[in-house]
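Novice: This one is model.cif, mmCIF, C-alpha atoms, pLDDT in the B column; chains and numbers go by the auth columns.
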```cif
data_entry
loop_
_atom_site.group_PDB
_atom_site.id
_atom_site.type_symbol
_atom_site.label_atom_id
_atom_site.label_comp_id
_atom_site.label_asym_id
_atom_site.label_seq_id
_atom_site.Cartn_x
_atom_site.Cartn_y
_atom_site.Cartn_z
_atom_site.B_iso_or_equiv
_atom_site.auth_seq_id
_atom_site.auth_asym_id
ATOM 1 C CA MET A 1 23.238 -11.497 8.266 46.00 1 U
ATOM 2 C CA THR A 2 22.863 -7.922 9.467 47.00 2 U
ATOM 3 C CA SER A 3 23.044 -4.719 7.526 47.00 3 U
ATOM 4 C CA SER A 4 24.159 -1.255 8.581 73.00 4 U
ATOM 5 C CA GLN A 5 21.245 0.206 6.642 88.00 5 U
ATOM 6 C CA PRO A 6 17.725 -1.106 7.146 94.00 6 U
ATOM 7 C CA ILE A 7 16.164 -2.991 4.265 95.00 7 U
ATOM 8 C CA ARG A 8 12.759 -1.885 3.000 96.00 8 U
ATOM 9 C CA ILE A 9 10.650 -4.198 0.879 96.00 9 U
ATOM 10 C CA GLY A 10 7.378 -2.816 -0.448 95.00 10 U
ATOM 11 C CA VAL A 11 4.439 -4.484 -2.125 94.00 11 U
ATOM 12 C CA LEU A 12 1.470 -3.001 -3.907 91.00 12 U
ATOM 13 C CA GLY A 13 -1.530 -4.317 -5.794 87.00 13 U
ATOM 14 C CA THR A 14 -5.263 -4.665 -5.592 82.00 14 U
ATOM 15 C CA HIS A 15 -7.290 -6.908 -3.267 74.00 15 U
ATOM 16 C CA SER A 16 -6.802 -10.659 -3.379 76.00 16 U
ATOM 17 C CA THR A 17 -3.488 -10.639 -5.218 82.00 17 U
ATOM 18 C CA GLY A 18 -1.462 -12.257 -2.443 83.00 18 U
ATOM 19 C CA LYS A 19 0.309 -9.216 -0.992 87.00 19 U
ATOM 20 C CA THR A 20 -0.105 -10.146 2.648 86.00 20 U
ATOM 21 C CA THR A 21 0.653 -13.818 2.018 89.00 21 U
ATOM 22 C CA LEU A 22 3.832 -12.869 0.154 92.00 22 U
ATOM 23 C CA LEU A 23 4.967 -10.571 2.960 93.00 23 U
ATOM 24 C CA LYS A 24 4.224 -13.196 5.630 94.00 24 U
ATOM 25 C CA ARG A 25 6.410 -15.695 3.776 96.00 25 U
ATOM 26 C CA ILE A 26 9.221 -13.170 3.356 96.00 26 U
ATOM 27 C CA GLU A 27 8.932 -12.261 7.042 97.00 27 U
ATOM 28 C CA MET A 28 9.184 -15.909 8.148 97.00 28 U
ATOM 29 C CA GLU A 29 12.214 -16.498 5.925 97.00 29 U
ATOM 30 C CA LEU A 30 14.041 -13.399 7.150 97.00 30 U
ATOM 31 C CA ARG A 31 13.273 -14.150 10.793 97.00 31 U
ATOM 32 C CA GLY A 32 14.631 -17.637 10.173 97.00 32 U
ATOM 33 C CA HIS A 33 17.923 -15.975 9.229 97.00 33 U
ATOM 34 C CA GLY A 34 17.955 -14.069 12.525 97.00 34 U
ATOM 35 C CA LEU A 35 16.837 -10.676 11.255 97.00 35 U
ATOM 36 C CA THR A 36 14.535 -8.347 13.163 97.00 36 U
ATOM 37 C CA VAL A 37 11.532 -7.773 10.898 98.00 37 U
ATOM 38 C CA ALA A 38 8.581 -5.390 11.126 97.00 38 U
ATOM 39 C CA ARG A 39 5.584 -5.334 8.834 95.00 39 U
ATOM 40 C CA THR A 40 3.364 -2.314 8.173 93.00 40 U
ATOM 41 C CA GLY A 41 -0.151 -2.390 6.827 88.00 41 U
ATOM 42 C CA ARG A 42 -3.903 -2.112 7.350 90.00 42 U
ATOM 43 C CA LEU A 43 -3.775 1.466 6.067 91.00 43 U
ATOM 44 C CA GLY A 44 -7.177 1.332 4.363 87.00 44 U
ATOM 45 C CA LYS A 45 -8.856 0.060 7.504 89.00 45 U
ATOM 46 C CA ARG A 46 -7.104 2.643 9.647 93.00 46 U
ATOM 47 C CA ALA A 47 -8.049 5.426 7.211 92.00 47 U
ATOM 48 C CA ALA A 48 -11.692 4.369 7.459 91.00 48 U
ATOM 49 C CA GLU A 49 -11.432 4.305 11.263 94.00 49 U
ATOM 50 C CA ALA A 50 -10.129 7.882 11.070 94.00 50 U
ATOM 51 C CA GLY A 51 -13.245 8.823 9.092 94.00 51 U
ATOM 52 C CA LEU A 52 -11.593 9.022 5.684 95.00 52 U
ATOM 53 C CA PRO A 53 -13.334 7.693 2.574 91.00 53 U
ATOM 54 C CA LYS A 54 -11.948 4.754 0.645 80.00 54 U
ATOM 55 C CA MET A 55 -12.671 2.444 -2.274 84.00 55 U
ATOM 56 C CA GLN A 56 -14.984 4.186 -4.762 89.00 56 U
ATOM 57 C CA ASN A 57 -15.046 7.246 -2.497 91.00 57 U
ATOM 58 C CA HIS A 58 -11.236 7.532 -2.188 90.00 58 U
ATOM 59 C CA THR A 59 -10.199 11.203 -2.246 95.00 59 U
ATOM 60 C CA ALA A 60 -7.037 13.249 -2.515 96.00 60 U
ATOM 61 C CA GLU A 61 -7.146 13.683 1.267 96.00 61 U
ATOM 62 C CA SER A 62 -7.444 9.957 1.995 96.00 62 U
ATOM 63 C CA THR A 63 -4.666 9.299 -0.526 96.00 63 U
ATOM 64 C CA GLU A 64 -2.392 11.817 1.180 96.00 64 U
ATOM 65 C CA TRP A 65 -3.186 10.372 4.613 96.00 65 U
ATOM 66 C CA ILE A 66 -2.379 6.818 3.500 95.00 66 U
ATOM 67 C CA ILE A 67 0.946 7.853 1.937 96.00 67 U
ATOM 68 C CA ALA A 68 1.952 9.924 4.965 97.00 68 U
ATOM 69 C CA GLN A 69 0.810 7.327 7.503 96.00 69 U
ATOM 70 C CA GLY A 70 2.656 4.594 5.627 95.00 70 U
ATOM 71 C CA ALA A 71 5.862 6.627 5.793 96.00 71 U
ATOM 72 C CA ALA A 72 5.300 7.292 9.506 97.00 72 U
ATOM 73 C CA ASP A 73 4.746 3.567 10.132 97.00 73 U
ATOM 74 C CA GLU A 74 8.039 2.738 8.412 95.00 74 U
ATOM 75 C CA ILE A 75 9.898 5.279 10.535 95.00 75 U
ATOM 76 C CA ALA A 76 8.291 3.916 13.712 96.00 76 U
ATOM 77 C CA ALA A 77 9.342 0.362 12.790 96.00 77 U
ATOM 78 C CA LEU A 78 12.923 1.488 12.269 95.00 78 U
ATOM 79 C CA THR A 79 12.903 3.405 15.544 95.00 79 U
ATOM 80 C CA LEU A 80 11.936 0.172 17.288 95.00 80 U
ATOM 81 C CA GLY A 81 15.009 -1.536 15.824 95.00 81 U
ATOM 82 C CA ALA A 82 13.755 -3.353 12.731 96.00 82 U
ATOM 83 C CA GLU A 83 16.519 -4.419 10.366 97.00 83 U
ATOM 84 C CA VAL A 84 13.958 -5.129 7.649 97.00 84 U
ATOM 85 C CA VAL A 85 10.648 -3.339 7.156 97.00 85 U
ATOM 86 C CA LEU A 86 8.033 -5.008 4.997 97.00 86 U
ATOM 87 C CA ILE A 87 5.624 -2.420 3.629 95.00 87 U
ATOM 88 C CA ASP A 88 2.167 -3.777 2.849 92.00 88 U
ATOM 89 C CA ARG A 89 0.880 -1.198 0.341 88.00 89 U
ATOM 90 C CA ALA A 90 3.806 0.936 -0.749 92.00 90 U
ATOM 91 C CA SER A 91 3.168 4.630 -1.439 93.00 91 U
ATOM 92 C CA TYR A 92 2.154 4.255 -5.089 93.00 92 U
ATOM 93 C CA ASP A 93 -0.630 1.886 -4.078 92.00 93 U
ATOM 94 C CA ALA A 94 -2.658 4.784 -2.666 92.00 94 U
ATOM 95 C CA LEU A 95 -2.295 6.636 -5.962 94.00 95 U
ATOM 96 C CA ALA A 96 -3.521 3.638 -7.928 92.00 96 U
ATOM 97 C CA TYR A 97 -6.617 3.332 -5.738 91.00 97 U
ATOM 98 C CA TRP A 98 -7.312 7.051 -6.034 95.00 98 U
ATOM 99 C CA HIS A 99 -7.029 6.952 -9.830 94.00 99 U
ATOM 100 C CA ALA A 100 -9.292 3.883 -9.953 92.00 100 U
ATOM 101 C CA ALA A 101 -11.874 5.619 -7.756 94.00 101 U
ATOM 102 C CA LEU A 102 -11.761 8.744 -9.923 96.00 102 U
ATOM 103 C CA GLU A 103 -12.239 6.637 -13.036 95.00 103 U
ATOM 104 C CA PHE A 104 -15.110 4.754 -11.393 94.00 104 U
ATOM 105 C CA ARG A 105 -16.829 8.059 -10.547 94.00 105 U
ATOM 106 C CA GLY A 106 -16.106 9.527 -13.983 96.00 106 U
ATOM 107 C CA GLU A 107 -14.028 12.321 -12.481 96.00 107 U
ATOM 108 C CA THR A 108 -10.696 13.858 -13.295 96.00 108 U
ATOM 109 C CA ALA A 109 -8.486 15.273 -10.576 95.00 109 U
ATOM 110 C CA PRO A 110 -7.027 18.752 -11.033 94.00 110 U
ATOM 111 C CA ARG A 111 -3.526 18.628 -12.511 96.00 111 U
ATOM 112 C CA LEU A 112 -1.873 20.287 -9.501 96.00 112 U
ATOM 113 C CA GLU A 113 -3.499 17.808 -7.120 96.00 113 U
ATOM 114 C CA ARG A 114 -2.325 14.855 -9.252 96.00 114 U
ATOM 115 C CA GLU A 115 1.204 16.266 -9.431 98.00 115 U
ATOM 116 C CA ARG A 116 1.321 17.013 -5.699 97.00 116 U
ATOM 117 C CA LEU A 117 0.263 13.502 -4.706 98.00 117 U
ATOM 118 C CA LEU A 118 2.579 11.910 -7.247 97.00 118 U
ATOM 119 C CA ALA A 119 5.463 13.953 -5.829 98.00 119 U
ATOM 120 C CA LEU A 120 4.530 12.913 -2.281 97.00 120 U
ATOM 121 C CA ALA A 121 4.437 9.224 -3.222 96.00 121 U
ATOM 122 C CA ALA A 122 7.672 9.569 -5.194 96.00 122 U
ATOM 123 C CA THR A 123 9.523 10.810 -2.102 96.00 123 U
ATOM 124 C CA GLN A 124 9.199 7.302 -0.664 94.00 124 U
ATOM 125 C CA LEU A 125 10.460 5.410 -3.706 92.00 125 U
ATOM 126 C CA PRO A 126 14.221 5.841 -3.110 94.00 126 U
ATOM 127 C CA LYS A 127 13.887 4.186 0.308 93.00 127 U
ATOM 128 C CA TYR A 128 12.654 0.858 -1.062 95.00 128 U
ATOM 129 C CA ASN A 129 15.347 -1.748 -1.650 96.00 129 U
ATOM 130 C CA LEU A 130 12.835 -3.961 -3.408 96.00 130 U
ATOM 131 C CA LEU A 131 9.333 -3.261 -4.677 94.00 131 U
ATOM 132 C CA PHE A 132 6.833 -5.935 -5.742 93.00 132 U
ATOM 133 C CA ALA A 133 3.663 -5.256 -7.706 90.00 133 U
ATOM 134 C CA THR A 134 1.126 -8.059 -7.577 89.00 134 U
ATOM 135 C CA VAL A 135 -1.266 -8.754 -10.431 87.00 135 U
ATOM 136 C CA LEU A 136 -4.931 -9.646 -10.221 81.00 136 U
ATOM 137 C CA ASP A 137 -5.799 -13.070 -11.591 73.00 137 U
ATOM 138 C CA GLU A 138 -9.352 -12.704 -12.906 75.00 138 U
ATOM 139 C CA GLU A 139 -9.746 -16.511 -12.687 75.00 139 U
ATOM 140 C CA VAL A 140 -9.359 -16.515 -8.876 70.00 140 U
ATOM 141 C CA ASP A 141 -12.271 -15.551 -6.632 68.00 141 U
ATOM 142 C CA VAL A 142 -11.764 -12.411 -4.582 64.00 142 U
ATOM 143 C CA ASP A 143 -11.513 -12.842 -0.811 60.00 143 U
ATOM 144 C CA THR A 144 -14.678 -11.069 0.309 62.00 144 U
ATOM 145 C CA SER A 145 -13.843 -11.394 4.018 59.00 145 U
ATOM 146 C CA HIS A 146 -12.017 -8.075 3.635 52.00 146 U
ATOM 147 C CA ASP A 147 -13.734 -4.755 3.050 53.00 147 U
ATOM 148 C CA TYR A 148 -14.088 -5.129 -0.685 49.00 148 U
ATOM 149 C CA ASP A 149 -16.059 -3.243 -3.299 53.00 149 U
ATOM 150 C CA ARG A 150 -16.330 -5.522 -6.339 53.00 150 U
ATOM 151 C CA ASP A 151 -17.398 -2.624 -8.554 53.00 151 U
ATOM 152 C CA CYS A 152 -14.413 -0.406 -7.848 49.00 152 U
ATOM 153 C CA CYS A 153 -10.698 -0.210 -7.541 47.00 153 U
ATOM 154 C CA ARG A 154 -9.379 -3.259 -9.368 47.00 154 U
ATOM 155 C CA VAL A 155 -5.984 -1.654 -9.810 44.00 155 U
ATOM 156 C CA GLY A 156 -3.859 -4.759 -10.314 39.00 156 U
#
```
With the file now loaded, output its structure as structure tokens.
Specialist:
Amino acid sequence: MTSSQPIRIGVLGTHSTGKTTLLKRIEMELRGHGLTVARTGRLGKRAAEAGLPKMQNHTAESTEWIIAQGAADEIAALTLGAEVVLIDRASYDALAYWHAALEFRGETAPRLERERLLALAATQLPKYNLLFATVLDEEVDVDTSHDYDRDCCRVG
């Protein structure tokens, strides 16, 4: 079961909505069918390690970095021969977190900045063969073992 074009499956959603678990299950299933699979992710953690703000402090710059780094990670996975790339936090995810952070802070982004970042995220959309959006179940406790700010960024 190989394809001449790589398959890209993206997922987006807030913390504790099962994104990583879903992608792990998809990865195991695809590997079981003999496909070479790569999974991207940990963009928020890597942004913080690069000194960029996140969660309630998410900025246009951190949003741009996450979108661009996610695209670079996908390209790197394909260069290494992946037939399927599983994208943990597709490009629109960064926009959702940015909008949630702005709302949390009571701020409004300048129109040109919003349009520029939307256009940047939109450039990635045609590459996805499948895109999942997870939904937050308010009845389920949030996994606090991750860097989580309970007061901000519930974008599910």
Novice: Any idea what's packed within 9 Å of U:Leu102, counting all atoms listed in the file, ignoring anything in its chain fewer than 5 positions away? Could you give it as a PDB file with C-alpha atoms, in the coordinates of the input?
Specialist:
```pdb
ATOM      1  CA  GLN U  56     -14.984   4.186  -4.762  1.00 89.00           C
ATOM      2  CA  ASN U  57     -15.046   7.246  -2.497  1.00 91.00           C
ATOM      3  CA  HIS U  58     -11.236   7.532  -2.188  1.00 90.00           C
ATOM      4  CA  THR U  59     -10.199  11.203  -2.246  1.00 95.00           C
ATOM      5  CA  TYR U  97      -6.617   3.332  -5.738  1.00 91.00           C
ATOM      6  CA  GLU U 107     -14.028  12.321 -12.481  1.00 96.00           C
ATOM      7  CA  THR U 108     -10.696  13.858 -13.295  1.00 96.00           C
ATOM      8  CA  ALA U 109      -8.486  15.273 -10.576  1.00 95.00           C
TER       9      ALA U 109
END
```
Novice: Go through the shown structure with the PyMOL selection byres ((chain U and resi 40) around 6) and write out the matching residues as a ChimeraX atom specification.
Specialist: /U:39,41,87-88
Novice: For the PyMOL selection byres ((chain U and resi 95) around 12), applied here, can you spell out every residue it catches as a VMD selection string?
Specialist: chain U and resid 12 to 14 54 to 55 58 to 67 89 to 94 96 to 102 109 113 to 122 153 155
Novice: Take the PyMOL selection byres ((chain U and resi 6) around 8), apply it to the structure above, and return the hits as a list in words.
Specialist: Ser3, Ser4, Gln5, Ile7, Arg8, Leu78, Ala82, Glu83, Val84 and Val85 of chain U
Novice: Between atom CA of U:Gln69 and atom CA of U:Leu136, what is the distance in Å, rounded to a tenth?
Specialist: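 Rounded to one decimal, the two atoms are 25.2 Å apart.
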